[in-house]
Every structure is written in C-alpha cells, then in structure tokens.
>>> print(open('my_file-v7.txt').read())   # compact mmCIF, C-alpha atoms
# COMPACT_ATOMS: atom_id res chain seq x y z
CA MET A 8 0.00 0.00 0.00
CA LYS A 9 2.82 2.39 0.91
CA GLY A 10 4.45 1.73 -2.46
CA ILE A 11 1.21 2.46 -4.29
CA ILE A 12 0.83 5.78 -2.44
CA PHE A 13 4.40 6.78 -3.28
CA ALA A 14 3.88 5.91 -6.96
CA PHE A 15 0.55 7.76 -7.02
CA ILE A 16 1.96 10.92 -5.44
CA GLY A 17 5.01 10.69 -7.70
CA GLY A 18 2.82 10.64 -10.81
CA ALA A 19 0.69 13.49 -9.49
CA CYS A 20 3.82 15.54 -8.83
CA ILE A 21 5.15 14.98 -12.38
CA THR A 22 1.94 16.46 -13.78
CA LEU A 23 1.92 19.21 -11.14
CA GLN A 24 5.44 20.13 -12.23
CA GLY A 25 4.36 20.59 -15.84
CA VAL A 26 1.33 22.64 -14.80
CA ALA A 27 3.36 24.80 -12.40
CA ASN A 28 5.95 25.44 -15.12
CA ALA A 29 3.19 26.47 -17.53
CA ARG A 30 1.72 28.81 -14.91
CA ILE A 31 5.05 30.40 -14.00
CA SER A 32 5.93 30.81 -17.68
CA GLN A 33 2.85 32.99 -18.19
CA ASP A 34 4.32 35.51 -15.77
CA ILE A 35 8.08 35.46 -16.19
CA GLY A 36 8.72 33.66 -19.51
CA THR A 37 9.42 30.03 -20.33
CA TRP A 38 13.23 30.00 -20.26
CA GLN A 39 13.17 31.97 -17.02
CA ALA A 40 10.72 29.49 -15.48
CA ALA A 41 12.88 26.55 -16.56
CA THR A 42 16.02 28.19 -15.19
CA ILE A 43 14.52 29.07 -11.80
CA THR A 44 12.81 25.72 -11.17
CA GLN A 45 15.86 23.70 -12.22
CA PHE A 46 18.05 25.92 -10.06
CA THR A 47 16.04 25.52 -6.84
CA GLY A 48 15.65 21.79 -7.51
CA PHE A 49 19.40 21.55 -8.05
CA LEU A 50 20.15 23.35 -4.76
CA MET A 51 17.85 21.09 -2.79
CA ALA A 52 19.20 17.91 -4.40
CA LEU A 53 22.73 19.17 -3.70
CA VAL A 54 21.95 19.64 0.00
CA ILE A 55 20.48 16.13 0.19
CA ALA A 56 23.43 14.66 -1.74
CA LEU A 57 25.86 16.35 0.68
CA ILE A 58 23.98 14.84 3.63
CA VAL A 59 23.54 11.29 2.33
CA ARG A 60 26.84 11.29 0.42
CA ASP A 61 25.85 8.53 -1.98
CA GLY A 62 28.39 9.58 -4.61
CA LYS A 63 31.29 7.27 -5.30
CA LYS A 64 34.69 8.82 -5.78
CA HIS A 65 35.57 9.15 -9.45
CA GLY A 66 32.13 7.73 -10.30
CA PHE A 67 31.47 10.37 -12.98
CA ARG A 68 34.76 9.60 -14.70
CA LYS A 69 33.55 6.16 -15.68
CA VAL A 70 30.53 7.62 -17.47
CA LYS A 71 30.62 8.69 -21.12
CA PRO A 72 30.48 12.51 -21.34
CA LEU A 73 27.37 12.31 -23.55
CA TYR A 74 25.44 10.65 -20.74
CA LEU A 75 26.58 13.24 -18.19
CA ILE A 76 24.90 16.07 -20.09
CA GLY A 77 21.57 14.25 -20.43
CA GLY A 78 20.12 16.50 -17.73
CA GLY A 79 20.47 19.44 -20.12
CA PHE A 80 17.61 18.03 -22.20
CA ALA A 81 15.33 19.27 -19.42
CA ALA A 82 15.57 22.80 -20.85
CA PHE A 83 14.00 21.64 -24.12
CA VAL A 84 11.60 19.26 -22.40
CA ILE A 85 10.24 22.08 -20.22
CA PHE A 86 10.05 24.53 -23.14
CA SER A 87 8.19 22.04 -25.35
CA GLU A 88 5.89 20.81 -22.57
CA VAL A 89 4.96 24.31 -21.41
CA THR A 90 4.26 25.52 -24.95
CA ALA A 91 2.18 22.40 -25.62
CA ILE A 92 0.16 22.76 -22.39
CA GLN A 93 -0.60 26.38 -23.25
CA SER A 94 -1.87 25.45 -26.71
CA ILE A 95 -3.58 22.04 -26.35
CA GLY A 96 -4.21 21.61 -22.60
CA VAL A 97 -2.71 19.34 -19.97
CA THR A 98 -4.47 16.05 -20.81
CA LEU A 99 -3.57 15.94 -24.50
CA THR A 100 -0.01 17.13 -23.79
CA ILE A 101 0.67 14.46 -21.17
CA SER A 102 -0.96 11.78 -23.36
CA ALA A 103 1.16 12.57 -26.41
CA LEU A 104 4.27 12.98 -24.27
CA LEU A 105 3.84 9.58 -22.63
CA ILE A 106 3.20 7.84 -25.95
CA ALA A 107 6.37 9.28 -27.50
CA GLN A 108 8.32 8.44 -24.36
CA LEU A 109 7.16 4.82 -24.19
CA CYS A 110 7.53 4.27 -27.95
CA LEU A 111 11.09 5.61 -28.13
CA THR A 112 12.13 3.64 -25.03
CA PHE A 113 10.57 0.56 -26.64
CA VAL A 114 12.50 1.08 -29.91
CA ILE A 115 15.75 1.63 -28.00
CA ASP A 116 15.13 -1.57 -26.01
CA ILE A 117 14.50 -3.54 -29.21
CA LYS A 118 17.53 -2.13 -31.05
CA GLY A 119 19.76 -2.20 -27.99
CA TRP A 120 20.96 1.38 -28.61
CA PHE A 121 23.18 3.14 -26.07
CA GLY A 122 24.29 -0.26 -24.81
CA VAL A 123 20.98 -1.16 -23.16
CA ALA A 124 20.20 -4.88 -22.95
CA LYS A 125 18.33 -5.90 -26.13
CA GLN A 126 14.77 -7.10 -25.69
CA LYS A 127 12.46 -8.92 -28.03
CA MET A 128 9.20 -7.25 -29.01
CA LYS A 129 6.04 -9.02 -28.05
CA LEU A 130 2.42 -8.68 -29.02
CA PRO A 131 1.16 -7.01 -25.79
CA GLN A 132 3.46 -4.03 -26.33
CA PHE A 133 2.09 -3.45 -29.83
CA ILE A 134 -1.49 -3.77 -28.60
CA GLY A 135 -0.66 -1.37 -25.76
CA ILE A 136 0.75 1.27 -28.11
CA GLY A 137 -2.25 0.84 -30.42
CA MET A 138 -4.62 1.39 -27.50
CA MET A 139 -2.76 4.50 -26.35
CA ILE A 140 -2.96 6.08 -29.81
CA LEU A 141 -6.64 5.13 -30.09
CA GLY A 142 -7.16 6.75 -26.69
CA VAL A 143 -5.69 10.06 -27.91
CA VAL A 144 -7.94 9.97 -30.98
CA VAL A 145 -11.01 9.38 -28.77
CA LEU A 146 -9.80 12.08 -26.39
CA LYS A 147 -9.71 14.68 -29.13
CA PHE A 148 -12.65 13.82 -31.37
CA MET B 18 -3.10 22.15 -32.43
CA LEU B 19 -0.71 20.08 -34.53
CA ALA B 20 2.23 22.17 -33.33
CA GLY B 21 1.22 21.49 -29.73
CA ILE B 22 1.06 17.74 -30.28
CA LEU B 23 4.39 17.80 -32.09
CA LEU B 24 6.02 19.66 -29.19
CA ALA B 25 4.58 17.19 -26.69
CA LEU B 26 5.97 14.29 -28.77
CA ILE B 27 9.41 15.93 -28.88
CA ALA B 28 9.29 16.40 -25.11
CA GLY B 29 8.39 12.73 -24.63
CA ALA B 30 11.21 11.54 -26.88
CA LEU B 31 13.69 13.72 -24.97
CA VAL B 32 12.42 12.39 -21.63
CA SER B 33 13.01 8.86 -22.91
CA LEU B 34 16.59 9.67 -23.95
CA GLN B 35 17.24 11.55 -20.75
CA ASN B 36 16.02 8.65 -18.60
CA ILE B 37 18.41 6.28 -20.36
CA PHE B 38 21.36 8.66 -20.05
CA ASN B 39 20.55 9.33 -16.38
CA ALA B 40 20.37 5.60 -15.71
CA LYS B 41 23.87 5.25 -17.21
CA VAL B 42 25.13 7.85 -14.76
CA ASN B 43 23.27 6.17 -11.90
CA GLU B 44 25.10 2.90 -12.62
CA HIS B 45 28.28 4.52 -11.35
CA THR B 46 27.02 6.72 -8.53
CA GLY B 47 24.10 7.21 -6.11
CA SER B 48 20.57 8.49 -6.82
CA TRP B 49 21.08 11.88 -5.17
CA THR B 50 24.44 12.53 -6.75
CA THR B 51 22.85 11.69 -10.11
CA THR B 52 19.82 13.89 -9.42
CA THR B 53 22.06 16.80 -8.44
CA LEU B 54 24.03 16.48 -11.68
CA VAL B 55 20.86 16.13 -13.78
CA LEU B 56 19.19 19.22 -12.29
CA GLY B 57 22.46 21.17 -12.47
CA MET B 58 22.74 20.39 -16.18
CA GLY B 59 19.10 21.34 -16.68
CA PHE B 60 19.74 24.66 -14.96
CA ALA B 61 22.85 25.38 -17.05
CA ALA B 62 21.12 24.47 -20.33
CA SER B 63 18.02 26.57 -19.50
CA LEU B 64 20.15 29.57 -18.56
CA ILE B 65 22.24 29.33 -21.73
CA MET B 66 19.20 28.90 -23.98
CA GLY B 67 17.46 31.79 -22.23
CA LEU B 68 20.46 34.06 -22.75
CA ILE B 69 20.67 33.08 -26.43
CA MET B 70 16.95 33.61 -27.07
CA GLU B 71 16.23 36.61 -24.85
CA GLY B 72 19.56 38.22 -23.97
CA LYS B 73 19.35 40.69 -21.09
CA ASN B 74 15.59 40.20 -20.81
CA MET B 75 16.42 36.90 -19.21
CA PHE B 76 16.99 38.74 -15.92
CA THR B 77 13.80 40.81 -15.82
CA LEU B 78 11.39 38.69 -13.85
CA GLN B 79 8.04 40.45 -14.05
CA HIS B 80 5.18 39.41 -11.76
CA MET B 81 7.50 37.09 -9.86
CA GLN B 82 5.67 35.35 -7.00
CA PRO B 83 7.53 33.91 -4.01
CA TRP B 84 6.19 30.38 -4.60
CA TYR B 85 7.82 30.25 -8.03
CA TRP B 86 11.14 29.82 -6.28
CA PHE B 87 9.92 26.73 -4.48
CA SER B 88 8.22 24.92 -7.34
CA GLY B 89 11.54 23.42 -8.42
CA MET B 90 11.44 21.33 -5.27
CA ILE B 91 8.52 19.35 -6.68
CA GLY B 92 11.14 17.58 -8.79
CA VAL B 93 12.96 16.46 -5.67
CA GLY B 94 9.67 15.11 -4.30
CA VAL B 95 9.21 13.18 -7.54
CA VAL B 96 12.61 11.52 -7.13
CA ILE B 97 11.88 10.52 -3.52
CA CYS B 98 8.48 9.06 -4.45
CA LEU B 99 9.71 7.15 -7.50
CA VAL B 100 12.76 5.69 -5.77
CA GLN B 101 10.63 4.50 -2.82
CA ALA B 102 7.81 3.17 -5.00
CA THR B 103 10.24 1.29 -7.25
CA ARG B 104 11.98 -0.21 -4.25
CA ILE B 105 8.71 -1.44 -2.71
CA LEU B 106 6.72 -2.44 -5.81
CA GLY B 107 9.35 -3.11 -8.47
CA ALA B 108 9.73 -0.98 -11.58
CA THR B 109 6.92 -2.35 -13.71
CA TYR B 110 4.09 -1.87 -11.21
CA ALA B 111 5.48 1.38 -9.85
CA ILE B 112 5.76 2.96 -13.31
CA SER B 113 2.32 1.72 -14.34
CA ILE B 114 0.80 3.53 -11.36
CA VAL B 115 2.95 6.63 -11.93
CA LEU B 116 1.84 6.93 -15.56
CA THR B 117 -1.81 6.35 -14.64
CA ALA B 118 -1.66 9.01 -11.91
CA GLN B 119 0.03 11.41 -14.34
CA LEU B 120 -2.84 11.11 -16.81
CA GLY B 121 -5.57 11.14 -14.18
CA PHE B 122 -4.25 14.35 -12.66
CA ALA B 123 -3.82 15.89 -16.12
CA LEU B 124 -7.54 15.36 -16.74
CA LEU B 125 -8.41 16.69 -13.28
CA TRP B 126 -6.29 19.78 -13.90
CA ASP B 127 -7.83 20.56 -17.27
CA SER B 128 -11.33 20.16 -15.85
CA LEU B 129 -10.78 22.33 -12.78
CA GLY B 130 -8.44 24.89 -14.36
CA TRP B 131 -6.44 25.27 -11.15
CA LEU B 132 -3.55 27.75 -10.94
CA GLY B 133 -5.24 29.96 -13.50
CA LEU B 134 -4.54 27.83 -16.54
CA GLU B 135 -7.15 27.87 -19.26
CA LYS B 136 -9.94 25.48 -18.39
CA VAL B 137 -10.60 22.61 -20.80
CA PRO B 138 -14.18 21.57 -20.11
CA PHE B 139 -14.55 17.97 -18.97
CA SER B 140 -16.24 15.75 -21.51
CA PHE B 141 -17.20 12.09 -21.58
CA ASN B 142 -14.91 11.62 -24.59
CA GLN B 143 -11.96 12.80 -22.54
CA LEU B 144 -12.68 10.33 -19.76
CA ILE B 145 -13.07 7.40 -22.21
CA GLY B 146 -9.90 8.48 -24.04
CA VAL B 147 -7.88 8.60 -20.82
CA LEU B 148 -9.25 5.22 -19.71
CA ILE B 149 -8.25 3.65 -23.06
CA ILE B 150 -4.76 5.16 -22.77
CA VAL B 151 -4.42 3.86 -19.19
CA GLY B 152 -5.57 0.43 -20.43
CA GLY B 153 -2.90 0.64 -23.15
CA ILE B 154 -0.24 1.53 -20.58
CA LEU B 155 -1.22 -1.44 -18.40
CA VAL B 156 -1.18 -3.85 -21.37
CA PHE B 157 2.17 -2.38 -22.46
CA LYS B 158 3.78 -2.50 -19.03
CA LEU B 159 2.30 -5.68 -17.58
CA GLY B 160 2.22 -7.61 -20.87
CA GLY B 161 5.50 -9.38 -20.18
CA LYS B 162 8.35 -7.76 -22.06
CA SER B 163 11.66 -8.51 -20.48
CA ASP B 164 13.30 -11.88 -20.99
CA SER B 165 16.24 -11.41 -18.68
CA LYS B 166 16.52 -10.14 -15.13
CA ASP B 167 19.37 -7.96 -16.22
CA SER B 168 17.25 -5.83 -18.51
CA ALA B 169 14.54 -5.52 -15.87
CA GLY B 170 17.18 -4.00 -13.59
CA ALA B 171 18.16 -1.55 -16.29
CA ILE B 172 14.56 -0.43 -16.74
CA GLU B 173 14.24 -0.06 -12.99
CA ARG B 174 17.19 2.29 -12.77
CA ARG B 175 16.01 4.25 -15.75
CA SER B 176 12.50 4.63 -14.46
CA ALA B 177 13.63 5.67 -11.03
CA LEU B 178 15.10 8.83 -12.48
CA HIS B 179 12.21 10.25 -14.35
CA THR B 180 12.19 13.76 -12.99
CA ASP B 181 10.48 15.74 -15.68
>>> encode(input="my_file-v7.txt", output="structure tokens")
Amino acid sequence: MKGIIFAFIGGACITLQGVANARISQDIGTWQAATITQFTGFLMALVIALIVRDGKKHGFRKVKPLYLIGGGFAAFVIFSEVTAIQSIGVTLTISALLIAQLCLTFVIDIKGWFGVAKQKMKLPQFIGIGMMILGVVVLKF
Amino acid sequence: MLAGILLALIAGALVSLQNIFNAKVNEHTGSWTTTTLVLGMGFAASLIMGLIMEGKNMFTLQHMQPWYWFSGMIGVGVVICLVQATRILGATYAISIVLTAQLGFALLWDSLGWLGLEKVPFSFNQLIGVLIIVGGILVFKLGGKSDSKDSAGAIERRSALHTD
C-alpha cells in the first residue's frame, strides 16, 4: 500500500510540475521558469546529496560525457511541454508525451541502442501502443 | 493544435533519452548525486538557452511570486516518491501507477483549471480516451516484455530517475 501511495503521489507531482511550469511561464517567460525551477531543484538535491553522500569517488569519470549532459535536455523538455500545455491543454499534452516516451524507449530496447540490454518485441506491447494512440484519438474527437 | 502535439511528442522523446542517459550515470554513482548532476545540467542548459533567445531580458522577472522559487522542489519530491515506489513495488508496477496518476491528474487539472490555466471543459470523450490510454499503458507495461533479469534491472534504474 505504501508503495502504491508513493507511486501515485510521484505521478501526481510529475503532472503538477508541468502545470506549475506552464503557470510560471505565463508571468516570467518560459526559459526563465525553466532556469529558476531547475536551479532551486538543483540546490535542494545538492543539499540532500551532501547529507547522504551517496556519490562514489571518481564515479562520474567512468561515465561517457554524452550521458553526463543528459540533464540538459530538461531545458527543451520544459520549453516544449509548457508551450504544448498552453496550446492544447494538460491532458492531451501528457498523453502525447507519454506515448512518444514509451515508444522511443521501446524502440531503444529492441535495437539495444546506447548499450541497453536488447529485448524482443512481443504482441502485448504493440497492442498497448495501439490502445494509447486510439485513446488520444477518442480524447480529441 | 498540430504544433502542440508535435512539441509534446518531442518532449516525450527527450524524456526517454534523458532517462536512459541518467540511468547510465546512476550505474556509477548514487541516486542523489545523479539527481544533483541532472538538475544542475538542466539549470545550465536553461540559462544558456534563455540568454541566447532573450539576452538581457532573461533577468527581468516580471510578476515574480515567491512560490515560483519553491516549485523546483517538486522535482525532488518526484525523485523521492519514484525511488521509494520502485523499491517497494518493483519498476513495472510502480511505473504503471505513476503513468496512470500522471494522466488522471492531467484530466483533473484541465477540468478544474487550477492555478489559473485555461480550463478545458470535462467531456465524456476525454474520460473514455484517458481510460483507453491507461488500459494501453497497463497492457504495455504488464504484458510481459523482459526476458532477462538484467534488462529488468536496467529499466528499474532508468525509471527511477524520471524527474520531468
């Protein structure tokens, strides 16, 4: 039960984050909103990281530089998500976002890109994607 | 409308890439060290893009409200919740619930128009659409994908770092 509550609140917070970013962007601009929210999040994570000290020495050195800058994508994620929410609403934005996210992850898993363990595609995943796209069509029309 | 959908799709694709890259970092260090790096990079990229696109205007924050400063902490809450949920439930179930909650709250938000966003009136079509999408997510996630334990672990790490 505790796990379900955590997962539920986590999901709610992801949506809340997108909505809050859209709201803040109306007032101070989208890039400004992205910068401020990432900055305060960074500071808080830094404080926690300094307390729990879960970093291994030289850990970052073993990671390819490309992977280290992955966090920078957030700037474009926030910009795109905020602009989408403002033009098509939260529900349609989150729906399309999740479909693209799951589909690309699925393709990467099948192809084994970026050194992830290759997985075989199975029927349920195709049915699932089909249902999600159908859902968006129903949602809109 | 098409532009909006296209932007949402781009955002989703970037989230997918980011989750994989973050998981690669997390293989070599702890969750909080990874989260700190990820948010730090996000901050740097946003600041640089803002300066390129808006120049000096980047620093004029009109109508700034105090709570704007704190909203970035929602991301930290997300990390705590996802790490705990994944630990207790395993990645597949945890992420299924996370995605469902994401969509459910999206619909709730549109219908209520909280925080002064434009209200999108609730319709029966929207509810059916969301339910079909949730059904699709459950079939996709619980439909038995991974053949090896190893790959399940990789998905777990990746999912635990979804902070956008």
>>> closest_atom_pairs(input="my_file-v7.txt", of="chain B", to="chain A", cutoff="6 Å", atoms="all atoms listed in the file", output="CSV")
residue,atom,partner,partner_atom,distance
B:Gly21,CA,A:Ala91,CA,4.3
B:Leu24,CA,A:Ser87,CA,5.0
B:Ala25,CA,A:Leu104,CA,4.9
B:Leu26,CA,A:Leu104,CA,5.0
B:Ala28,CA,A:Val84,CA,4.6
B:Gly29,CA,A:Leu104,CA,4.1
B:Ala30,CA,A:Gln108,CA,4.9
B:Ser33,CA,A:Gln108,CA,4.9
B:Gln35,CA,A:Gly77,CA,5.1
B:Phe38,CA,A:Tyr74,CA,4.6
B:His45,CA,A:Gly66,CA,5.1
B:Thr46,CA,A:Gly62,CA,5.0
B:Gly47,CA,A:Asp61,CA,4.7
B:Trp49,CA,A:Ala56,CA,5.0
B:Thr50,CA,A:Gly62,CA,5.4
B:Thr53,CA,A:Ala52,CA,5.1
B:Val55,CA,A:Gly78,CA,4.0
B:Leu56,CA,A:Phe49,CA,4.8
B:Gly57,CA,A:Phe49,CA,5.4
B:Met58,CA,A:Gly79,CA,4.6
B:Gly59,CA,A:Gly79,CA,4.2
B:Phe60,CA,A:Gln45,CA,4.8
B:Ala62,CA,A:Gly79,CA,5.1
B:Ser63,CA,A:Ala82,CA,4.7
B:Leu64,CA,A:Thr42,CA,5.5
B:Gly67,CA,A:Trp38,CA,5.0
B:Leu78,CA,A:Ile35,CA,5.2
B:Gln79,CA,A:Ile35,CA,5.4
B:His80,CA,A:Asp34,CA,5.7
B:Gly89,CA,A:Thr44,CA,3.8
B:Met90,CA,A:Gly48,CA,4.8
B:Val95,CA,A:Gly17,CA,4.9
B:Cys98,CA,A:Phe13,CA,4.8
B:Leu99,CA,A:Gly17,CA,5.9
B:Ala102,CA,A:Gly10,CA,4.5
B:Ile105,CA,A:Gly10,CA,5.3
B:Leu106,CA,A:Gly10,CA,5.8
B:Ala111,CA,A:Ala14,CA,5.6
B:Ile114,CA,A:Ala14,CA,5.9
B:Val115,CA,A:Gly18,CA,4.2
B:Ala118,CA,A:Gly18,CA,4.9
B:Gln119,CA,A:Gly18,CA,4.6
B:Phe122,CA,A:Ala19,CA,5.9
B:Ala123,CA,A:Thr98,CA,4.7
B:Leu124,CA,A:Thr98,CA,5.1
B:Asp127,CA,A:Val97,CA,5.9
B:Asn142,CA,A:Leu146,CA,5.4
B:Gln143,CA,A:Leu146,CA,4.5
B:Gly146,CA,A:Gly142,CA,4.2
B:Ile149,CA,A:Gly142,CA,4.9
B:Ile150,CA,A:Met139,CA,4.2
B:Gly153,CA,A:Gly135,CA,4.0
B:Ile154,CA,A:Gly135,CA,6.0
B:Val156,CA,A:Gly135,CA,5.1
B:Phe157,CA,A:Gln132,CA,4.4
B:Gly160,CA,A:Pro131,CA,5.1
B:Ser168,CA,A:Ala124,CA,5.4
>>> atom_distance(input="my_file-v7.txt", atom1="atom CA of B:Val93", atom2="atom CA of B:Thr51")
11.8 Å
>>> atom_distance(input="my_file-v7.txt", atom1="atom CA of B:Ile27", atom2="atom CA of B:Leu116")
17.8 Å
>>> axis_aligned_box(input="my_file-v7.txt", around="stretch 48-51 of chain A", padding_each_side="4 Å", output="lines of an AutoDock Vina configuration file")
center_x = 17.9
center_y = 22.2
center_z = -5.4
size_x = 12.5
size_y = 10.3
size_z = 13.3
>>> atom_distance(input="my_file-v7.txt", atom1="atom CA of B:Leu54", atom2="atom CA of B:Ala40")
12.2 Å
>>> decode(input="my_file-v7.txt", residues="stretch 10-104 of chain A", atoms="C-alpha atoms", output="compact mmCIF listing (two decimals), in the first residue's frame")
# COMPACT_ATOMS: atom_id res chain seq x y z
CA GLY A 10 4.45 1.73 -2.46
CA ILE A 11 1.21 2.46 -4.29
CA ILE A 12 0.83 5.78 -2.44
CA PHE A 13 4.40 6.78 -3.28
CA ALA A 14 3.88 5.91 -6.96
CA PHE A 15 0.55 7.76 -7.02
CA ILE A 16 1.96 10.92 -5.44
CA GLY A 17 5.01 10.69 -7.70
CA GLY A 18 2.82 10.64 -10.81
CA ALA A 19 0.69 13.49 -9.49
CA CYS A 20 3.82 15.54 -8.83
CA ILE A 21 5.15 14.98 -12.38
CA THR A 22 1.94 16.46 -13.78
CA LEU A 23 1.92 19.21 -11.14
CA GLN A 24 5.44 20.13 -12.23
CA GLY A 25 4.36 20.59 -15.84
CA VAL A 26 1.33 22.64 -14.80
CA ALA A 27 3.36 24.80 -12.40
CA ASN A 28 5.95 25.44 -15.12
CA ALA A 29 3.19 26.47 -17.53
CA ARG A 30 1.72 28.81 -14.91
CA ILE A 31 5.05 30.40 -14.00
CA SER A 32 5.93 30.81 -17.68
CA GLN A 33 2.85 32.99 -18.19
CA ASP A 34 4.32 35.51 -15.77
CA ILE A 35 8.08 35.46 -16.19
CA GLY A 36 8.72 33.66 -19.51
CA THR A 37 9.42 30.03 -20.33
CA TRP A 38 13.23 30.00 -20.26
CA GLN A 39 13.17 31.97 -17.02
CA ALA A 40 10.72 29.49 -15.48
CA ALA A 41 12.88 26.55 -16.56
CA THR A 42 16.02 28.19 -15.19
CA ILE A 43 14.52 29.07 -11.80
CA THR A 44 12.81 25.72 -11.17
CA GLN A 45 15.86 23.70 -12.22
CA PHE A 46 18.05 25.92 -10.06
CA THR A 47 16.04 25.52 -6.84
CA GLY A 48 15.65 21.79 -7.51
CA PHE A 49 19.40 21.55 -8.05
CA LEU A 50 20.15 23.35 -4.76
CA MET A 51 17.85 21.09 -2.79
CA ALA A 52 19.20 17.91 -4.40
CA LEU A 53 22.73 19.17 -3.70
CA VAL A 54 21.95 19.64 0.00
CA ILE A 55 20.48 16.13 0.19
CA ALA A 56 23.43 14.66 -1.74
CA LEU A 57 25.86 16.35 0.68
CA ILE A 58 23.98 14.84 3.63
CA VAL A 59 23.54 11.29 2.33
CA ARG A 60 26.84 11.29 0.42
CA ASP A 61 25.85 8.53 -1.98
CA GLY A 62 28.39 9.58 -4.61
CA LYS A 63 31.29 7.27 -5.30
CA LYS A 64 34.69 8.82 -5.78
CA HIS A 65 35.57 9.15 -9.45
CA GLY A 66 32.13 7.73 -10.30
CA PHE A 67 31.47 10.37 -12.98
CA ARG A 68 34.76 9.60 -14.70
CA LYS A 69 33.55 6.16 -15.68
CA VAL A 70 30.53 7.62 -17.47
CA LYS A 71 30.62 8.69 -21.12
CA PRO A 72 30.48 12.51 -21.34
CA LEU A 73 27.37 12.31 -23.55
CA TYR A 74 25.44 10.65 -20.74
CA LEU A 75 26.58 13.24 -18.19
CA ILE A 76 24.90 16.07 -20.09
CA GLY A 77 21.57 14.25 -20.43
CA GLY A 78 20.12 16.50 -17.73
CA GLY A 79 20.47 19.44 -20.12
CA PHE A 80 17.61 18.03 -22.20
CA ALA A 81 15.33 19.27 -19.42
CA ALA A 82 15.57 22.80 -20.85
CA PHE A 83 14.00 21.64 -24.12
CA VAL A 84 11.60 19.26 -22.40
CA ILE A 85 10.24 22.08 -20.22
CA PHE A 86 10.05 24.53 -23.14
CA SER A 87 8.19 22.04 -25.35
CA GLU A 88 5.89 20.81 -22.57
CA VAL A 89 4.96 24.31 -21.41
CA THR A 90 4.26 25.52 -24.95
CA ALA A 91 2.18 22.40 -25.62
CA ILE A 92 0.16 22.76 -22.39
CA GLN A 93 -0.60 26.38 -23.25
CA SER A 94 -1.87 25.45 -26.71
CA ILE A 95 -3.58 22.04 -26.35
CA GLY A 96 -4.21 21.61 -22.60
CA VAL A 97 -2.71 19.34 -19.97
CA THR A 98 -4.47 16.05 -20.81
CA LEU A 99 -3.57 15.94 -24.50
CA THR A 100 -0.01 17.13 -23.79
CA ILE A 101 0.67 14.46 -21.17
CA SER A 102 -0.96 11.78 -23.36
CA ALA A 103 1.16 12.57 -26.41
CA LEU A 104 4.27 12.98 -24.27
